[in-house]
file query_15.txt (compact mmCIF, C-alpha atoms)
# COMPACT_ATOMS: atom_id res chain seq x y z
CA MET A 1 -56.84 91.17 -21.71
CA PHE A 2 -58.99 88.19 -22.24
CA LYS A 3 -55.96 86.19 -23.46
CA ARG A 4 -53.99 87.06 -20.28
CA GLN A 5 -56.79 85.83 -18.06
CA LYS A 6 -56.87 82.59 -19.99
CA SER A 7 -53.11 82.06 -19.58
CA LEU A 8 -53.30 82.82 -15.86
CA ALA A 9 -56.13 80.37 -15.43
CA SER A 10 -54.20 77.65 -17.28
CA GLU A 11 -51.08 78.28 -15.16
CA ARG A 12 -53.18 77.97 -11.99
CA LYS A 13 -54.60 74.69 -13.23
CA ARG A 14 -51.10 73.39 -13.98
CA GLY A 15 -49.91 74.43 -10.52
CA LEU A 16 -52.83 72.73 -8.85
CA PHE A 17 -52.24 69.56 -10.90
CA SER A 18 -48.54 69.50 -10.07
CA GLN A 19 -49.27 69.98 -6.37
CA ARG A 20 -51.76 67.10 -6.42
CA ALA A 21 -49.29 64.91 -8.30
CA THR A 22 -46.57 65.72 -5.78
CA ARG A 23 -48.89 64.80 -2.92
CA PHE A 24 -49.75 61.47 -4.55
CA ILE A 25 -46.06 60.69 -5.11
CA LEU A 26 -45.18 61.58 -1.50
CA ARG A 27 -48.09 59.51 -0.26
CA ASP A 28 -46.93 56.51 -2.37
CA ASP A 29 -43.35 56.97 -1.16
CA MET A 30 -44.53 56.99 2.43
CA ARG A 31 -46.51 53.81 1.84
CA ASN A 32 -43.53 52.14 0.18
CA PHE A 33 -41.21 53.23 2.97
CA HIS A 34 -43.70 52.03 5.61
CA PHE A 35 -43.99 48.66 3.82
CA LEU A 36 -40.19 48.31 3.52
CA SER A 37 -39.64 49.11 7.17
CA LYS A 38 -42.20 46.49 8.21
CA LEU A 39 -40.45 43.95 5.99
CA VAL A 40 -37.04 44.70 7.52
CA LEU A 41 -38.37 44.54 11.08
CA SER A 42 -40.13 41.21 10.45
CA ALA A 43 -36.94 39.72 9.00
CA GLY A 44 -35.13 40.16 12.30
CA PRO A 45 -31.58 41.35 12.95
CA LEU A 46 -29.00 41.00 10.24
CA LYS A 47 -26.81 37.91 10.63
CA PRO A 48 -23.09 38.24 10.11
CA THR A 49 -21.62 36.32 7.18
CA PRO A 50 -20.01 33.13 8.50
CA ALA A 51 -16.26 33.07 8.13
CA VAL A 52 -14.90 30.39 5.81
CA LYS A 53 -12.74 27.93 7.73
CA HIS A 54 -9.66 26.78 5.92
CA SER A 55 -8.49 23.31 6.93
CA LYS A 56 -4.91 23.26 8.09
CA THR A 57 -3.02 20.15 7.02
CA THR A 58 0.10 19.37 8.98
CA HIS A 59 3.10 18.49 6.87
CA PHE A 60 6.23 16.71 8.01
CA GLU A 61 9.78 16.74 6.80
CA ILE A 62 11.32 13.28 6.57
CA GLU A 63 15.09 13.04 6.80
CA ILE A 64 16.40 9.66 5.62
CA LEU A 65 19.86 8.54 6.71
CA ASP A 66 21.89 5.48 5.74
CA ALA A 67 21.74 3.03 8.67
CA GLN A 68 25.33 1.93 8.15
CA THR A 69 27.16 5.19 7.42
CA ARG A 70 24.72 7.56 9.21
CA LYS A 71 25.03 9.90 6.21
CA GLN A 72 22.05 11.77 4.86
CA ILE A 73 20.54 10.25 1.73
CA CYS A 74 17.71 12.70 1.06
CA ILE A 75 15.01 14.85 2.63
CA LEU A 76 11.34 14.37 1.79
CA ASP A 77 9.25 17.48 2.37
CA LYS A 78 5.50 18.08 2.43
CA VAL A 79 4.67 14.63 3.77
CA THR A 80 1.12 14.65 5.16
CA GLN A 81 0.25 13.27 8.57
CA SER A 82 -1.92 10.54 7.06
CA SER A 83 0.92 9.19 4.94
CA THR A 84 2.13 5.69 5.77
CA ILE A 85 5.57 4.12 5.71
CA HIS A 86 4.59 2.58 2.38
CA ASP A 87 3.94 6.08 0.98
CA VAL A 88 7.29 7.27 2.33
CA LYS A 89 9.04 4.36 0.57
CA GLN A 90 7.37 5.31 -2.70
CA LYS A 91 8.47 8.95 -2.38
CA PHE A 92 11.93 7.81 -1.35
CA HIS A 93 12.14 5.69 -4.49
CA LYS A 94 11.15 8.68 -6.65
CA ALA A 95 13.84 10.81 -5.04
CA CYS A 96 16.47 8.03 -5.13
CA PRO A 97 15.56 5.48 -7.82
CA LYS A 98 18.20 2.97 -6.72
CA TRP A 99 16.33 2.36 -3.44
CA TYR A 100 13.47 0.01 -4.37
CA PRO A 101 10.46 0.03 -1.99
CA SER A 102 10.46 -3.77 -1.60
CA ARG A 103 14.12 -3.77 -0.54
CA VAL A 104 14.04 -0.81 1.84
CA GLY A 105 13.70 -1.23 5.60
CA LEU A 106 13.03 1.94 7.61
CA GLN A 107 13.84 2.29 11.30
CA LEU A 108 13.37 5.04 13.88
CA GLU A 109 16.78 4.22 15.30
CA CYS A 110 19.70 2.07 14.23
CA GLY A 111 19.26 -1.51 15.38
CA GLY A 112 15.56 -0.99 16.08
CA PRO A 113 12.68 -2.92 14.52
CA PHE A 114 11.71 -2.20 10.95
CA LEU A 115 8.55 -0.13 10.64
CA LYS A 116 5.52 -1.84 9.12
CA ASP A 117 4.14 -0.41 5.87
CA TYR A 118 0.76 0.42 7.42
CA ILE A 119 2.16 2.63 10.21
CA THR A 120 1.31 6.33 9.75
CA ILE A 121 3.83 9.14 10.08
CA GLN A 122 1.65 10.92 12.62
CA SER A 123 1.89 7.95 15.00
CA ILE A 124 5.71 8.02 15.13
CA ALA A 125 6.41 11.75 14.76
CA ALA A 126 7.58 13.65 17.84
CA SER A 127 8.02 16.90 15.89
CA SER A 128 7.64 18.27 12.38
CA ILE A 129 11.00 16.72 11.43
CA VAL A 130 11.21 12.92 11.44
CA THR A 131 14.50 11.08 11.05
CA LEU A 132 14.42 7.56 9.60
CA TYR A 133 17.27 5.13 8.95
CA ALA A 134 17.21 3.17 5.68
CA THR A 135 18.63 -0.32 5.23
CA ASP A 136 18.95 -2.31 2.03
CA LEU A 137 17.34 -5.67 2.84
CA GLY A 138 18.65 -7.36 -0.30
CA GLN A 139 16.63 -9.25 -2.87
CA GLN A 140 13.04 -9.77 -1.71
CA VAL A 141 10.22 -12.13 -2.66
CA SER A 142 6.53 -11.88 -1.85
CA TRP A 143 5.03 -13.99 0.93
CA THR A 144 2.64 -15.63 -1.52
CA THR A 145 5.61 -16.88 -3.54
CA VAL A 146 7.21 -18.26 -0.38
CA PHE A 147 4.12 -20.21 0.66
CA LEU A 148 3.42 -21.57 -2.81
CA ALA A 149 7.01 -22.75 -3.17
CA GLU A 150 7.01 -24.31 0.31
CA TYR A 151 3.87 -26.35 -0.34
CA THR A 152 4.18 -27.20 -4.03
CA GLY A 153 7.60 -28.82 -3.56
CA PRO A 154 6.55 -31.43 -0.95
CA LEU A 155 3.45 -32.33 -2.98
CA LEU A 156 5.46 -33.14 -6.12
CA ILE A 157 8.45 -34.67 -4.34
CA TYR A 158 6.30 -37.16 -2.43
CA LEU A 159 4.55 -38.25 -5.62
CA LEU A 160 7.93 -38.92 -7.28
CA PHE A 161 8.90 -41.30 -4.44
CA TYR A 162 5.43 -42.87 -4.47
CA LEU A 163 5.89 -43.80 -8.14
CA ARG A 164 9.11 -45.64 -7.20
CA ILE A 165 11.26 -44.21 -9.94
CA PRO A 166 14.09 -46.64 -10.89
CA CYS A 167 16.75 -44.02 -10.16
CA ILE A 168 15.58 -43.96 -6.50
CA TYR A 169 14.71 -47.60 -5.75
CA ASP A 170 15.82 -50.92 -7.17
CA GLY A 171 13.42 -51.79 -10.00
CA LYS A 172 13.49 -55.55 -9.36
CA GLU A 173 12.86 -55.12 -5.64
CA SER A 174 10.01 -52.68 -6.32
CA ALA A 175 8.34 -55.07 -8.77
CA ARG A 176 8.74 -58.07 -6.47
CA ARG A 177 7.27 -56.52 -3.32
CA LEU A 178 3.66 -55.36 -3.20
CA ARG A 179 2.79 -52.15 -1.39
CA HIS A 180 0.95 -52.29 1.88
CA PRO A 181 -2.40 -50.40 1.92
CA VAL A 182 -0.96 -47.91 4.43
CA VAL A 183 1.47 -46.71 1.77
CA HIS A 184 -1.42 -45.66 -0.49
CA LEU A 185 -3.27 -44.14 2.46
CA ALA A 186 -0.19 -42.17 3.52
CA CYS A 187 0.20 -40.77 0.01
CA PHE A 188 -3.45 -39.74 -0.01
CA CYS A 189 -3.20 -38.02 3.39
CA HIS A 190 0.04 -36.26 2.49
CA CYS A 191 -1.42 -34.93 -0.77
CA ILE A 192 -4.62 -33.81 1.00
CA HIS A 193 -2.52 -31.88 3.53
CA TYR A 194 -0.50 -29.88 1.02
CA ILE A 195 -3.33 -29.40 -1.47
CA ARG A 196 -5.31 -27.82 1.38
CA TYR A 197 -2.33 -25.59 2.12
CA LEU A 198 -2.12 -24.43 -1.50
CA LEU A 199 -5.85 -23.75 -1.83
CA GLU A 200 -5.96 -21.83 1.44
CA THR A 201 -2.97 -19.73 0.39
CA LEU A 202 -4.72 -18.77 -2.84
CA PHE A 203 -8.30 -18.34 -1.66
CA VAL A 204 -8.52 -18.18 2.16
CA HIS A 205 -5.50 -16.60 3.79
CA LYS A 206 -5.07 -12.83 3.69
CA VAL A 207 -1.39 -13.01 2.81
CA SER A 208 0.57 -9.86 3.65
CA ALA A 209 1.45 -7.69 0.68
CA GLY A 210 4.96 -7.33 2.12
CA HIS A 211 8.13 -9.09 1.12
CA THR A 212 10.75 -11.23 2.79
CA PRO A 213 14.44 -11.78 1.96
CA LEU A 214 15.23 -14.41 -0.63
CA LYS A 215 17.30 -16.37 1.90
CA ASN A 216 14.12 -17.06 3.91
CA LEU A 217 12.56 -18.69 0.85
CA ILE A 218 15.65 -20.84 0.35
CA MET A 219 15.75 -21.90 4.00
CA SER A 220 12.03 -22.73 4.11
CA CYS A 221 12.16 -24.73 0.90
CA ALA A 222 15.26 -26.58 2.07
CA PHE A 223 13.51 -27.55 5.31
CA TYR A 224 10.19 -28.69 3.82
CA TRP A 225 11.59 -30.26 0.67
CA GLY A 226 14.41 -32.02 2.50
CA PHE A 227 12.16 -33.55 5.17
CA THR A 228 9.60 -34.56 2.56
CA SER A 229 12.28 -36.43 0.61
CA TRP A 230 13.41 -38.21 3.76
CA ILE A 231 9.86 -39.09 4.82
CA ALA A 232 8.75 -40.23 1.37
CA TYR A 233 11.87 -42.35 0.87
CA TYR A 234 11.14 -44.46 3.95
CA ILE A 235 7.37 -44.79 3.56
CA ASN A 236 7.52 -45.76 -0.14
CA HIS A 237 10.56 -48.02 0.17
CA PRO A 238 10.00 -51.62 -0.98
CA LEU A 239 11.25 -52.85 2.43
CA TYR A 240 8.87 -50.63 4.39
CA THR A 241 7.36 -52.36 7.44
CA PRO A 242 3.69 -51.57 8.27
CA PRO A 243 2.63 -50.40 11.76
CA SER A 244 2.89 -52.84 14.67
CA PHE A 245 -0.83 -52.89 15.59
CA GLY A 246 -2.04 -53.36 12.05
CA ASN A 247 -5.28 -52.02 10.63
CA ARG A 248 -6.66 -50.77 13.95
CA GLN A 249 -3.71 -48.42 14.41
CA ILE A 250 -3.93 -47.28 10.79
CA THR A 251 -7.70 -46.69 10.83
CA VAL A 252 -7.82 -44.72 14.09
CA SER A 253 -4.85 -42.56 13.04
CA ALA A 254 -6.30 -41.88 9.58
CA ILE A 255 -9.68 -40.81 11.03
CA ASN A 256 -7.98 -38.53 13.54
CA PHE A 257 -5.82 -37.09 10.75
CA LEU A 258 -8.85 -36.18 8.64
CA ILE A 259 -10.62 -34.65 11.66
CA CYS A 260 -7.62 -32.45 12.40
CA GLU A 261 -7.34 -31.41 8.75
CA ALA A 262 -11.00 -30.40 8.69
CA GLY A 263 -10.65 -28.51 11.96
CA ASN A 264 -7.57 -26.67 10.72
CA HIS A 265 -9.40 -25.62 7.58
CA PHE A 266 -12.47 -24.28 9.41
CA ILE A 267 -10.29 -22.37 11.88
CA ASN A 268 -8.34 -20.76 9.03
CA VAL A 269 -11.57 -19.77 7.32
CA MET A 270 -12.79 -18.15 10.54
CA LEU A 271 -9.49 -16.30 11.09
CA SER A 272 -9.63 -14.90 7.56
CA HIS A 273 -12.88 -13.08 8.35
CA PRO A 274 -12.48 -9.26 8.25
CA ASN A 275 -13.46 -9.00 11.93
CA HIS A 276 -10.40 -11.05 12.91
CA THR A 277 -7.75 -9.32 10.76
CA GLY A 278 -6.05 -5.94 10.91
CA ASN A 279 -5.50 -3.53 13.78
CA ASN A 280 -9.18 -3.44 14.82
CA ALA A 281 -9.53 -7.20 14.99
CA CYS A 282 -11.69 -8.83 17.65
CA PHE A 283 -10.95 -12.15 19.30
CA PRO A 284 -12.56 -15.06 17.38
CA SER A 285 -15.51 -16.61 19.14
CA PRO A 286 -16.81 -20.15 18.52
CA ASN A 287 -19.93 -20.58 16.41
CA TYR A 288 -22.29 -23.42 15.49
CA ASN A 289 -19.42 -25.34 13.84
CA PRO A 290 -18.11 -27.93 16.36
CA PHE A 291 -14.57 -27.60 15.00
CA THR A 292 -14.47 -23.99 16.22
CA TRP A 293 -15.28 -24.98 19.79
CA MET A 294 -11.55 -25.45 20.35
CA PHE A 295 -11.47 -21.68 20.91
CA PHE A 296 -13.03 -22.39 24.32
CA LEU A 297 -9.78 -24.10 25.36
CA VAL A 298 -6.90 -22.52 23.42
CA SER A 299 -6.22 -19.23 21.70
CA CYS A 300 -4.46 -20.76 18.65
CA PRO A 301 -6.46 -23.87 17.68
CA ASN A 302 -5.07 -23.84 14.14
CA TYR A 303 -1.68 -24.89 15.57
CA THR A 304 -3.40 -27.46 17.76
CA TYR A 305 -5.04 -29.10 14.77
CA GLU A 306 -1.82 -28.89 12.74
CA ILE A 307 0.18 -30.74 15.38
CA GLY A 308 -2.66 -33.24 15.73
CA SER A 309 -2.47 -34.00 12.01
CA TRP A 310 1.26 -34.71 12.11
CA ILE A 311 1.03 -36.82 15.27
CA SER A 312 -1.69 -38.88 13.58
CA PHE A 313 0.45 -39.23 10.45
CA THR A 314 3.39 -40.36 12.62
CA VAL A 315 1.33 -43.04 14.35
CA MET A 316 -0.25 -44.16 11.07
CA THR A 317 3.07 -44.64 9.24
CA GLN A 318 5.24 -45.48 12.29
CA THR A 319 8.43 -44.05 10.79
CA LEU A 320 11.29 -42.17 12.46
CA PRO A 321 11.61 -39.31 9.91
CA VAL A 322 7.94 -38.36 10.38
CA GLY A 323 8.40 -38.38 14.16
CA ILE A 324 11.43 -36.06 13.97
CA PHE A 325 9.60 -33.70 11.61
CA THR A 326 6.58 -33.67 13.95
CA LEU A 327 8.81 -32.86 16.94
CA LEU A 328 10.49 -29.93 15.17
CA MET A 329 7.17 -28.58 13.91
CA SER A 330 5.71 -28.85 17.42
CA ILE A 331 8.55 -26.80 18.88
CA GLN A 332 8.26 -24.13 16.19
CA MET A 333 4.48 -23.87 16.40
CA SER A 334 4.56 -23.69 20.19
CA LEU A 335 6.83 -20.64 19.90
CA TRP A 336 4.46 -19.05 17.37
CA ALA A 337 1.45 -19.85 19.54
CA GLN A 338 3.00 -18.38 22.70
CA LYS A 339 3.93 -15.20 20.85
CA LYS A 340 0.42 -14.87 19.45
CA HIS A 341 -1.07 -15.70 22.85
CA LYS A 342 0.80 -12.80 24.45
CA ILE A 343 -0.56 -10.44 21.82
CA TYR A 344 -4.08 -11.70 22.53
CA LEU A 345 -3.53 -11.21 26.26
CA ARG A 346 -2.66 -7.55 25.72
CA LYS A 347 -5.66 -6.90 23.50
CA PHE A 348 -8.33 -9.26 24.84
CA SER A 349 -7.27 -10.13 28.38
CA SER A 350 -10.90 -10.55 29.51
CA TYR A 351 -11.50 -13.23 26.86
CA ILE A 352 -8.51 -15.55 27.09
CA HIS A 353 -7.06 -15.16 30.59
CA ARG A 354 -8.05 -18.78 31.36
CA LYS A 355 -7.07 -20.26 28.02
CA SER A 356 -3.85 -21.97 26.97
CA ALA A 357 -1.86 -21.03 23.91
CA MET A 358 -1.89 -24.31 21.95
CA ILE A 359 -2.36 -27.40 24.14
CA PRO A 360 -5.28 -27.29 26.61
CA LEU A 361 -4.18 -27.02 30.26
CA ILE A 362 -0.52 -27.63 29.31
CA LEU A 363 0.89 -25.02 26.94

call {"tool": "encode", "arguments": {"input": "query_15.txt", "output": "structure tokens"}}
result
Amino acid sequence: MFKRQKSLASERKRGLFSQRATRFILRDDMRNFHFLSKLVLSAGPLKPTPAVKHSKTTHFEIEILDAQTRKQICILDKVTQSSTIHDVKQKFHKACPKWYPSRVGLQLECGGPFLKDYITIQSIAASSIVTLYATDLGQQVSWTTVFLAEYTGPLLIYLLFYLRIPCIYDGKESARRLRHPVVHLACFCHCIHYIRYLLETLFVHKVSAGHTPLKNLIMSCAFYWGFTSWIAYYINHPLYTPPSFGNRQITVSAINFLICEAGNHFINVMLSHPNHTGNNACFPSPNYNPFTWMFFLVSCPNYTYEIGSWISFTVMTQTLPVGIFTLLMSIQMSLWAQKKHKIYLRKFSSYIHRKSAMIPLIL
């Protein structure tokens, strides 16, 4: 009996302990739940997960046809909108190895102008399929090679005539007649002119990375080398007659020649600045250098100074071949200047509407 009472008492104690424990647990759970709810409410409403945007790149399909036969050569697929004509030529060469990039000319239509390498596909595409016509331009040479060949030839050819090689002039006549000082001065000026050309081609001018047909190199070299031979033959001839007005004519012409050479150089240096090249070029503005003030009067002062140099050389030497060469160069450079002036008018009409192309107030 006594043992039963003990067991009942112990069971009651256990029940009371379990009830108290349950109350404590419920109370803790309520506190935790209350704390969690406060935390959620203070955090604010749930924000939706931002959707990941996938960039969509437009691709074009380039169909290349032969410009002569109009037959399809190949199709280039998956060409991005940022690709240039140069990139298309590279892919075209991979698809058809016999078509070299330097020899390929691409056109939008037969007989149209050839597309420049820097033009993007997006700028010429009217739809997702672009048709281009390919032409084999023949053997090509770089523009740097053309300029170096044009200017190196006259420099060396003139020096050969200046040395009066026996196979060109009569040795006895050359030894008997002394050279007039203008002959030495003309050689110096001629060498200065073409040495400046060579140095500017290598270090100043931003020569295009493109190519030109080999026949253009041959024609340019024939023109410059042929005229140089004709000019040098007369000026260095033992029977050469000095200018009519003597030293005054020679001195004034030589000073003007050097001024024009310096002006041409400073203008070329200014034009080679990144702000004046490329599609986003701005019109050159004169600076503290007096030689650049010619921009106030003409839009192409480099041609103005170039013609001034050759006119001075003509007056200094007073020879017919130099005069003919100066006339032909003036005609050619006036055409280049007018073409460039029209481009400037379209881009910078507010800057040059009162300026001439090459000769102030005349041309």

call {"tool": "atom_distance", "arguments": {"input": "query_15.txt", "atom1": "CA of Ile250 (chain A)", "atom2": "CA of Met316 (chain A)"}}
result
4.8 Å

call {"tool": "residues_around", "arguments": {"input": "query_15.txt", "residues": "region 129-134 of chain A", "least_positions_apart": "4", "cutoff": "6 Å", "atoms": "only C-alpha atoms", "output": "ChimeraX atom specification"}}
result
/A:60-67,105-108,125

call {"tool": "atom_distance", "arguments": {"input": "query_15.txt", "atom1": "CA of Gln68 (chain A)", "atom2": "CA of Thr80 (chain A)"}}
result
27.5 Å

call {"tool": "residues_around", "arguments": {"input": "query_15.txt", "residues": "Ile231 (chain A)", "least_positions_apart": "4", "cutoff": "8 Å", "atoms": "all atoms listed in the file", "output": "ChimeraX atom specification"}}
result
/A:227,235,319,321-322

call {"tool": "closest_residue", "arguments": {"input": "query_15.txt", "among": "A:Ile195, A:Ile218, A:Leu239, A:Val146", "to": "Val183 (chain A)", "atoms": "all atoms listed in the file"}}
result
A:Leu239

call {"tool": "atom_distance", "arguments": {"input": "query_15.txt", "atom1": "CA of Met329 (chain A)", "atom2": "CA of Ile307 (chain A)"}}
result
7.5 Å
